[in-house]
$ cat work-v1.csv   # CSV, C-alpha atoms
chain,number,residue,atom,x,y,z
A,1289,MET,CA,20.8,31.4,-68.3
A,1290,LYS,CA,20.4,28.0,-66.8
A,1291,ILE,CA,18.9,27.7,-63.3
A,1292,LEU,CA,18.6,24.7,-61.0
A,1293,VAL,CA,15.7,24.9,-58.6
A,1294,THR,CA,15.8,22.3,-55.9
A,1295,GLY,CA,12.4,21.7,-54.3
A,1296,GLY,CA,10.8,23.3,-57.3
A,1297,CYS,CA,7.6,21.3,-56.9
A,1298,GLY,CA,6.9,22.8,-53.5
A,1299,TYR,CA,4.7,25.6,-52.4
A,1300,LYS,CA,7.0,28.4,-53.4
A,1301,GLY,CA,8.5,26.5,-56.4
A,1302,HIS,CA,5.2,26.2,-58.2
A,1303,VAL,CA,4.9,30.0,-58.2
A,1304,LEU,CA,8.6,30.7,-58.8
A,1305,VAL,CA,9.3,28.3,-61.7
A,1306,PRO,CA,6.7,29.8,-64.1
A,1307,LYS,CA,8.2,33.2,-63.4
A,1308,LEU,CA,11.6,32.0,-64.3
A,1309,LEU,CA,10.3,30.4,-67.5
A,1310,ASN,CA,8.5,33.6,-68.4
A,1311,ARG,CA,11.9,35.3,-68.4
A,1312,GLY,CA,13.2,32.8,-70.9
A,1313,TYR,CA,15.5,31.0,-68.5
A,1314,GLN,CA,16.3,27.3,-68.9
A,1315,VAL,CA,15.1,25.7,-65.7
A,1316,ASP,CA,16.0,22.4,-64.2
A,1317,VAL,CA,13.8,21.3,-61.2
A,1318,LEU,CA,14.8,18.6,-58.7
A,1319,ASP,CA,12.2,17.4,-56.3
A,1320,THR,CA,11.1,14.3,-54.5
A,1321,MET,CA,7.5,15.0,-55.6
A,1322,TRP,CA,6.2,13.8,-52.2
A,1323,PHE,CA,3.3,16.2,-52.7
A,1324,GLY,CA,2.9,15.9,-56.4
A,1325,ASN,CA,4.0,17.9,-59.4
A,1326,PHE,CA,1.6,20.5,-60.9
A,1327,LEU,CA,4.1,22.3,-63.1
A,1328,GLN,CA,2.9,22.8,-66.6
A,1329,PRO,CA,5.1,21.3,-69.4
A,1330,HIS,CA,7.4,23.8,-71.0
A,1331,SER,CA,10.1,23.6,-73.7
A,1332,ASN,CA,12.7,25.2,-71.3
A,1333,LEU,CA,11.7,23.1,-68.2
A,1334,ARG,CA,13.2,19.8,-67.1
A,1335,VAL,CA,11.8,18.2,-64.0
A,1336,THR,CA,13.6,15.3,-62.3
A,1337,GLN,CA,12.3,13.3,-59.5
A,1338,GLY,CA,15.0,12.8,-56.9
A,1339,SER,CA,16.5,13.9,-53.6
A,1340,VAL,CA,19.1,16.4,-52.9
A,1341,ILE,CA,20.7,13.8,-50.6
A,1342,GLU,CA,21.9,12.1,-53.7
A,1343,THR,CA,24.2,14.9,-54.6
A,1344,ASP,CA,26.4,12.8,-56.9
A,1345,GLU,CA,23.4,12.4,-59.2
A,1346,ILE,CA,22.8,16.1,-59.6
A,1347,ASN,CA,24.0,17.4,-62.9
A,1348,LEU,CA,25.4,21.0,-62.6
A,1349,SER,CA,26.7,21.2,-66.1
A,1350,ASP,CA,26.3,24.7,-67.5
A,1351,VAL,CA,24.2,25.7,-64.4
A,1352,ASP,CA,24.6,29.4,-63.8
A,1353,VAL,CA,22.4,29.8,-60.7
A,1354,ILE,CA,21.1,27.5,-58.0
A,1355,ILE,CA,18.0,28.3,-56.1
A,1356,HIS,CA,18.0,25.9,-53.2
A,1357,LEU,CA,14.5,25.5,-51.8
A,1358,SER,CA,14.7,21.9,-50.7
A,1359,SER,CA,14.2,21.0,-47.1
A,1360,ILE,CA,12.0,19.1,-44.7
A,1361,ALA,CA,9.7,22.1,-44.2
A,1362,ASN,CA,8.5,23.3,-40.7
A,1363,ASP,CA,9.1,22.1,-37.1
A,1364,PRO,CA,6.6,19.2,-36.8
A,1365,CYS,CA,7.6,17.6,-40.1
A,1366,GLY,CA,11.3,18.0,-39.2
A,1367,ASP,CA,10.7,16.2,-36.0
A,1368,LEU,CA,9.1,13.1,-37.7
A,1369,ASN,CA,12.5,11.9,-38.8
A,1370,PRO,CA,15.3,14.0,-37.4
A,1371,VAL,CA,18.0,12.0,-39.2
A,1372,LEU,CA,16.3,12.5,-42.6
A,1373,THR,CA,15.8,16.2,-41.7
A,1374,TRP,CA,19.5,16.8,-41.0
A,1375,GLU,CA,20.6,14.8,-44.1
A,1376,THR,CA,18.1,16.7,-46.4
A,1377,SER,CA,18.2,20.2,-44.9
A,1378,ALA,CA,21.8,20.5,-43.7
A,1379,LEU,CA,24.2,17.8,-45.0
A,1380,ALA,CA,22.8,17.9,-48.6
A,1381,THR,CA,23.1,21.7,-48.5
A,1382,MET,CA,26.7,21.4,-47.6
A,1383,ARG,CA,27.5,18.9,-50.3
A,1384,LEU,CA,25.5,20.8,-52.9
A,1385,ALA,CA,27.4,24.0,-52.1
A,1386,ASP,CA,30.7,22.3,-52.3
A,1387,LYS,CA,29.8,20.7,-55.7
A,1388,ALA,CA,28.5,24.0,-57.0
A,1389,ALA,CA,31.7,25.8,-56.1
A,1390,ARG,CA,33.8,23.0,-57.7
A,1391,SER,CA,31.5,23.1,-60.8
A,1392,GLY,CA,31.8,26.8,-61.4
A,1393,VAL,CA,28.3,27.8,-60.5
A,1394,GLY,CA,28.3,31.6,-60.2
A,1395,GLN,CA,25.3,32.3,-57.9
A,1396,PHE,CA,23.7,30.3,-55.0
A,1397,LEU,CA,20.4,31.5,-53.5
A,1398,TYR,CA,19.4,29.7,-50.3
A,1399,ALA,CA,16.0,29.6,-48.8
A,1400,SER,CA,16.6,29.8,-45.0
A,1401,SER,CA,13.9,30.9,-42.6
A,1402,GLY,CA,13.0,33.8,-40.4
A,1403,SER,CA,12.4,31.2,-37.6
A,1404,VAL,CA,16.2,30.9,-37.1
A,1405,TYR,CA,15.9,33.9,-34.7
A,1406,GLY,CA,13.8,32.0,-32.2
A,1407,ILE,CA,12.2,34.1,-29.5
A,1408,LYS,CA,13.2,37.8,-29.7
A,1409,ASP,CA,12.2,40.7,-27.4
A,1410,GLU,CA,13.6,43.3,-29.9
A,1411,GLU,CA,11.0,45.5,-31.5
A,1412,GLN,CA,12.7,44.9,-34.9
A,1413,VAL,CA,14.6,41.8,-35.7
A,1414,THR,CA,17.5,42.6,-38.1
A,1415,GLU,CA,19.9,40.3,-39.8
A,1416,ASP,CA,22.8,41.0,-37.4
A,1417,LEU,CA,21.0,39.7,-34.3
A,1418,GLU,CA,22.1,36.4,-32.6
A,1419,LEU,CA,20.4,33.3,-33.8
A,1420,LYS,CA,18.7,31.1,-31.2
A,1421,PRO,CA,16.9,28.3,-33.2
A,1422,VAL,CA,14.5,26.3,-31.0
A,1423,SER,CA,13.8,23.3,-33.2
A,1424,GLY,CA,15.6,20.8,-35.4
A,1425,TYR,CA,14.3,22.5,-38.5
A,1426,ASN,CA,15.5,25.9,-37.4
A,1427,LYS,CA,18.9,24.5,-36.5
A,1428,THR,CA,19.4,22.9,-39.9
A,1429,LYS,CA,18.7,26.3,-41.5
A,1430,MET,CA,21.3,28.1,-39.2
A,1431,VAL,CA,23.9,25.4,-39.9
A,1432,SER,CA,23.3,25.6,-43.6
A,1433,GLU,CA,23.7,29.4,-43.6
A,1434,ARG,CA,27.0,29.1,-41.9
A,1435,VAL,CA,28.2,26.5,-44.4
A,1436,LEU,CA,27.2,28.6,-47.3
A,1437,MET,CA,28.8,31.8,-46.0
A,1438,SER,CA,32.1,29.9,-46.1
A,1439,TYR,CA,31.8,29.8,-49.9
A,1440,MET,CA,31.5,33.5,-50.4
A,1441,ASN,CA,34.8,33.7,-52.1
A,1442,ASP,CA,33.9,31.0,-54.6
A,1443,MET,CA,30.4,32.2,-55.8
A,1444,LYS,CA,27.8,34.8,-55.1
A,1445,VAL,CA,25.9,33.5,-52.0
A,1446,GLN,CA,22.6,35.1,-51.1
A,1447,ILE,CA,20.7,33.8,-48.1
A,1448,ILE,CA,17.0,34.6,-47.8
A,1449,ARG,CA,15.2,34.5,-44.5
A,1450,PRO,CA,11.6,34.5,-45.5
A,1451,ALA,CA,8.8,35.4,-43.1
A,1452,THR,CA,5.8,33.0,-43.0
A,1453,VAL,CA,4.6,32.8,-46.6
A,1454,CYS,CA,0.9,33.2,-47.5
A,1455,GLY,CA,-1.2,33.1,-50.7
A,1456,LEU,CA,-2.2,30.9,-53.6
A,1457,SER,CA,0.0,28.3,-55.2
A,1458,PRO,CA,-0.9,25.3,-57.4
A,1459,ARG,CA,0.7,23.2,-54.6
A,1460,MET,CA,-1.0,24.9,-51.6
A,1461,ARG,CA,0.0,24.6,-48.0
A,1462,PHE,CA,-2.6,24.8,-45.3
A,1463,ASP,CA,-0.1,24.4,-42.4
A,1464,VAL,CA,1.0,28.1,-42.5
A,1465,SER,CA,-0.8,30.6,-40.5
A,1466,VAL,CA,-2.7,32.8,-43.0
A,1467,ASN,CA,-3.6,30.0,-45.3
A,1468,LEU,CA,-4.6,27.7,-42.4
A,1469,LEU,CA,-6.8,30.2,-40.7
A,1470,THR,CA,-8.5,31.2,-44.0
A,1471,MET,CA,-9.3,27.6,-44.9
A,1472,ALA,CA,-10.6,26.9,-41.4
A,1473,ALA,CA,-13.1,29.8,-41.8
A,1474,LEU,CA,-14.1,28.6,-45.3
A,1475,SER,CA,-14.5,24.9,-44.5
A,1476,LYS,CA,-15.6,24.9,-40.9
A,1477,GLY,CA,-16.9,28.4,-40.1
A,1478,GLU,CA,-14.7,28.4,-37.0
A,1479,ILE,CA,-11.1,29.5,-36.5
A,1480,THR,CA,-9.1,28.1,-33.6
A,1481,VAL,CA,-6.2,30.3,-32.6
A,1482,PHE,CA,-3.5,28.8,-30.4
A,1483,GLY,CA,-2.2,31.6,-28.1
A,1484,GLY,CA,-3.0,34.4,-30.4
A,1485,GLN,CA,-0.7,37.1,-29.1
A,1486,GLN,CA,2.5,35.8,-30.8
A,1487,THR,CA,3.6,38.3,-33.5
A,1488,ARG,CA,4.8,36.8,-36.7
A,1489,PRO,CA,6.2,38.3,-39.9
A,1490,ASN,CA,4.4,37.5,-43.1
A,1491,VAL,CA,5.1,37.8,-46.8
A,1492,HIS,CA,2.9,37.2,-49.8
A,1493,ILE,CA,4.0,34.3,-52.1
A,1494,ASP,CA,4.2,36.6,-55.1
A,1495,ASP,CA,6.6,38.9,-53.1
A,1496,ILE,CA,8.9,36.1,-51.9
A,1497,THR,CA,9.2,34.6,-55.4
A,1498,ASP,CA,9.8,38.1,-56.8
A,1499,ALA,CA,12.5,38.5,-54.3
A,1500,TYR,CA,14.4,35.5,-55.8
A,1501,LEU,CA,14.1,37.2,-59.2
A,1502,HIS,CA,15.4,40.4,-57.6
A,1503,PHE,CA,18.5,38.6,-56.3
A,1504,ILE,CA,19.1,37.0,-59.7
A,1505,ASP,CA,19.1,40.5,-61.1
A,1506,ASN,CA,21.4,41.8,-58.3
A,1507,PRO,CA,24.1,39.1,-57.9
A,1508,ASP,CA,26.3,41.5,-56.0
A,1509,ALA,CA,23.7,41.9,-53.2
A,1510,VAL,CA,25.4,39.0,-51.3
A,1511,GLY,CA,24.9,38.0,-47.7
A,1512,ILE,CA,21.8,37.5,-45.6
A,1513,TYR,CA,18.4,39.2,-46.1
A,1514,ASN,CA,15.1,39.2,-44.2
A,1515,VAL,CA,12.1,39.0,-46.5
A,1516,GLY,CA,8.9,39.9,-44.5
A,1517,PHE,CA,6.8,43.0,-44.6
A,1518,GLU,CA,3.9,42.6,-42.2
A,1519,ASN,CA,4.3,41.8,-38.5
A,1520,ILE,CA,0.9,40.7,-37.3
A,1521,SER,CA,-0.3,38.7,-34.3
A,1522,ILE,CA,-2.0,35.4,-35.0
A,1523,LEU,CA,-5.2,36.7,-33.5
A,1524,ASN,CA,-5.2,39.8,-35.7
A,1525,ILE,CA,-4.8,37.5,-38.7
A,1526,ALA,CA,-7.8,35.6,-37.6
A,1527,GLU,CA,-9.8,38.8,-37.2
A,1528,MET,CA,-8.8,39.9,-40.7
A,1529,VAL,CA,-10.0,36.6,-42.1
A,1530,THR,CA,-13.5,37.2,-40.6
A,1531,GLU,CA,-13.7,40.4,-42.6
A,1532,PHE,CA,-13.9,38.1,-45.7
A,1533,VAL,CA,-15.6,35.0,-44.3
A,1534,PRO,CA,-18.2,34.9,-41.4
A,1535,ALA,CA,-16.6,32.7,-38.8
A,1536,SER,CA,-16.3,32.4,-35.0
A,1537,ILE,CA,-12.8,32.6,-33.3
A,1538,THR,CA,-11.8,30.3,-30.4
A,1539,VAL,CA,-8.6,31.1,-28.6
A,1540,THR,CA,-6.8,28.2,-26.8
A,1541,GLU,CA,-3.4,27.8,-25.2
A,1542,SER,CA,-0.3,27.4,-27.4
A,1543,ASN,CA,2.9,25.4,-26.9
A,1544,ASP,CA,4.7,27.5,-29.5
A,1545,PRO,CA,6.1,30.6,-27.8
A,1546,ARG,CA,8.0,32.1,-30.9
A,1547,SER,CA,7.2,35.8,-31.3
A,1548,TYR,CA,9.3,38.2,-33.3
A,1549,ARG,CA,9.0,41.2,-35.7
A,1550,VAL,CA,11.4,41.1,-38.6
A,1551,ASN,CA,12.9,44.2,-40.2
A,1552,SER,CA,13.5,44.0,-44.0
A,1553,ASP,CA,15.1,47.5,-44.5
A,1554,LYS,CA,18.3,45.8,-45.8
A,1555,LEU,CA,16.4,44.3,-48.6
A,1556,LEU,CA,14.4,47.4,-49.4
A,1557,ALA,CA,17.7,49.3,-49.6
A,1558,THR,CA,18.6,47.2,-52.6
A,1559,GLY,CA,15.6,48.5,-54.5
A,1560,PHE,CA,13.1,45.7,-53.9
A,1561,LYS,CA,9.5,46.8,-53.4
A,1562,PRO,CA,6.8,44.4,-52.2
A,1563,LYS,CA,3.5,44.5,-54.1
A,1564,LYS,CA,1.0,42.4,-52.1
A,1565,THR,CA,-0.3,42.0,-48.5
A,1566,VAL,CA,-1.7,39.5,-46.1
A,1567,ARG,CA,-5.1,40.9,-46.9
A,1568,ASP,CA,-4.5,40.2,-50.6
A,1569,ALA,CA,-3.6,36.6,-49.8
A,1570,ILE,CA,-6.8,36.1,-47.8
A,1571,GLY,CA,-8.9,37.6,-50.5
A,1572,GLU,CA,-7.3,35.5,-53.3
A,1573,ILE,CA,-7.8,32.3,-51.3
A,1574,VAL,CA,-11.4,33.1,-50.5
A,1575,ASN,CA,-12.1,33.9,-54.2
A,1576,ALA,CA,-10.4,30.7,-55.5
A,1577,PHE,CA,-12.4,28.6,-53.0
A,1578,ASN,CA,-15.7,30.2,-53.8
A,1579,GLU,CA,-15.0,29.8,-57.5
A,1580,GLY,CA,-14.3,26.1,-57.0
A,1581,ALA,CA,-10.7,26.4,-58.1
A,1582,LEU,CA,-9.3,25.6,-54.6
A,1583,LYS,CA,-10.2,22.7,-52.3
A,1584,ASP,CA,-8.8,21.5,-49.0
A,1585,GLU,CA,-6.8,18.6,-50.4
A,1586,PRO,CA,-5.0,16.1,-48.1
A,1587,HIS,CA,-1.6,16.7,-49.8
A,1588,PHE,CA,-1.9,20.4,-48.9
A,1589,HIS,CA,-1.2,19.5,-45.3
A,1590,ASN,CA,2.5,18.6,-45.0
A,1591,LEU,CA,2.5,16.8,-41.6
A,1592,THR,CA,-0.5,14.5,-42.0
A,1593,TRP,CA,0.5,13.7,-45.6
A,1594,MET,CA,4.0,12.8,-44.6
A,1595,GLN,CA,2.8,10.7,-41.7
A,1596,GLU,CA,0.4,8.7,-43.9
A,1597,LYS,CA,2.4,8.5,-47.1
A,1598,ILE,CA,6.0,9.3,-46.7
A,1599,LEU,CA,7.7,8.6,-43.4
A,1600,ILE,CA,5.9,5.5,-42.2
$ encode --input "work-v1.csv" --output "structure tokens"
Amino acid sequence: MKILVTGGCGYKGHVLVPKLLNRGYQVDVLDTMWFGNFLQPHSNLRVTQGSVIETDEINLSDVDVIIHLSSIANDPCGDLNPVLTWETSALATMRLADKAARSGVGQFLYASSGSVYGIKDEEQVTEDLELKPVSGYNKTKMVSERVLMSYMNDMKVQIIRPATVCGLSPRMRFDVSVNLLTMAALSKGEITVFGGQQTRPNVHIDDITDAYLHFIDNPDAVGIYNVGFENISILNIAEMVTEFVPASITVTESNDPRSYRVNSDKLLATGFKPKKTVRDAIGEIVNAFNEGALKDEPHFHNLTWMQEKILI
């Protein structure tokens, strides 16, 4: 089986691609490599530096599955260059989906985001609730979902709405809550929590990448699926971190009101079973840091790295 992974050099891609290779798949990765490429060479791996915007340059010959991870990730980064964000995260998705359908690609897995729900009062946020995205990034995800659903008769379309991902990757991100709070405790001995009472869903990076494998194995599980298993307040995450690392917690005001609790029963009904927790992610990050295998590198912070190196 041949699989194209767009954004395969990103945070999730660096964990997912080795899992695909371990299964014996032929894997093509397309990535801008803004944050580097830490994938190990493999006989079944081809890595191409490029942008999904250049859809005409993407070779879909003999591609069986597309895992579309590429986007300008998170709200602040999306706001740096709104035109580039829409071209990368929405227009390119539409053009890639159209090309995939015309090229006979059988299965298209799309990395959307749980943030498309916006602010929700419901105790459990399920896939059928109205979407109220509050940022440009969220809006590109919602639009891309709608575009992809229009191709349901042409290929197997599976849309994944991940919770906030946490845990170790060769290409770390320290702008996502669990990772950020853990590194703050390790490097500064102090955690600053903005707001704190917002509840957010979380998913371990091993579980979200395993979910993609699960969907490859279950192509008939089409449609939209939440992937998040622990709904925890930001303050509670910080308190959990201090169980591993002695650190003080300072709570300040937040300008981000998003608070929601996702329900992933639809995914669980397909037979998927998560294996790891937020607590596992914190422990793994702490151990890697203490062993010298993990440092707080500049390219692990999307916003500042893009401001300095990419979108000047």
$ closest_residue --input "work-v1.csv" --among "A:Ile1354, A:Ile1512, A:Ile1537, A:Val1371" --to "A:Glu1415" --atoms "only C-alpha atoms"
A:Ile1512
$ residues_around --input "work-v1.csv" --residues "stretch 1472-1482 of chain A" --least-positions-apart "4" --cutoff "12 Å" --atoms "only C-alpha atoms" --output "PyMOL selection string"
chain A and resi 1462-1468+1486+1521-1546+1570-1571+1573-1578+1580+1582-1585
$ residues_around --input "work-v1.csv" --residues "A:Glu1375" --least-positions-apart "4" --cutoff "12 Å" --atoms "only C-alpha atoms" --output "number ranges by chain"
A: 1339-1343, 1358-1360, 1366, 1369-1371, 1379-1384, 1424-1425, 1428-1429, 1431-1432
$ atom_distance --input "work-v1.csv" --atom1 "atom CA of A:Asn1441" --atom2 "atom CA of A:Phe1396"
12.0 Å
$ closest_atom_pairs --input "work-v1.csv" --of "stretch 1445-1513 of chain A" --to "stretch 1301-1319 of chain A" --cutoff "10 Å" --atoms "only C-alpha atoms" --output "CSV"
residue,atom,partner,partner_atom,distance
A:Leu1456,CA,A:Val1303,CA,8.5
A:Ser1457,CA,A:Val1303,CA,6.0
A:Pro1458,CA,A:His1302,CA,6.2
A:Arg1459,CA,A:His1302,CA,6.5
A:Met1460,CA,A:His1302,CA,9.1
A:Ile1493,CA,A:Val1303,CA,7.5
A:Asp1494,CA,A:Val1303,CA,7.3
A:Ile1496,CA,A:Leu1304,CA,8.8
A:Thr1497,CA,A:Leu1304,CA,5.2
A:Asp1498,CA,A:Leu1304,CA,7.8
A:Ala1499,CA,A:Leu1304,CA,9.8
A:Tyr1500,CA,A:Leu1304,CA,8.1
A:Leu1501,CA,A:Leu1308,CA,7.7
$ atom_distance --input "work-v1.csv" --atom1 "atom CA of A:Glu1410" --atom2 "atom CA of A:Tyr1548"
7.5 Å
$ atom_distance --input "work-v1.csv" --atom1 "atom CA of A:Val1393" --atom2 "atom CA of A:Ser1377"
20.1 Å
$ closest_residue --input "work-v1.csv" --among "A:Met1443, A:Leu1333, A:Ala1378, A:Ile1355" --to "A:Val1293" --atoms "only C-alpha atoms"
A:Ile1355
$ residues_around --input "work-v1.csv" --residues "A:Ala1451" --least-positions-apart "5" --cutoff "9 Å" --atoms "all atoms listed in the file" --output "PyMOL selection string"
chain A and resi 1401-1403+1488-1491+1496+1514-1518+1550
$ closest_residue --input "work-v1.csv" --among "A:Asp1344, A:Glu1433, A:Asp1367, A:Asp1416" --to "A:Asn1551" --atoms "only C-alpha atoms"
A:Asp1416
$ residues_near_point --input "work-v1.csv" --point "(30.2, 34.3, -60.2)" --cutoff "6 Å" --atoms "only C-alpha atoms" --output "compact mmCIF listing (two decimals) with C-alpha atoms, keeping the file's coordinate frame"
# COMPACT_ATOMS: atom_id res chain seq x y z
CA GLY A 1394 28.30 31.60 -60.20
CA GLN A 1395 25.30 32.30 -57.90
CA MET A 1443 30.40 32.20 -55.80
CA LYS A 1444 27.80 34.80 -55.10
$ residues_near_point --input "work-v1.csv" --point "(20.9, 36.2, -45.0)" --cutoff "6 Å" --atoms "all atoms listed in the file" --output "PyMOL selection string"
chain A and resi 1447-1449+1511-1513
$ closest_residue --input "work-v1.csv" --among "A:Glu1345, A:His1492, A:Gly1392, A:Asp1386" --to "A:Arg1567" --atoms "all atoms listed in the file"
A:His1492
$ closest_residue --input "work-v1.csv" --among "A:Met1430, A:Ala1509, A:Ile1520, A:Ala1569" --to "A:Met1471" --atoms "only C-alpha atoms"
A:Ala1569
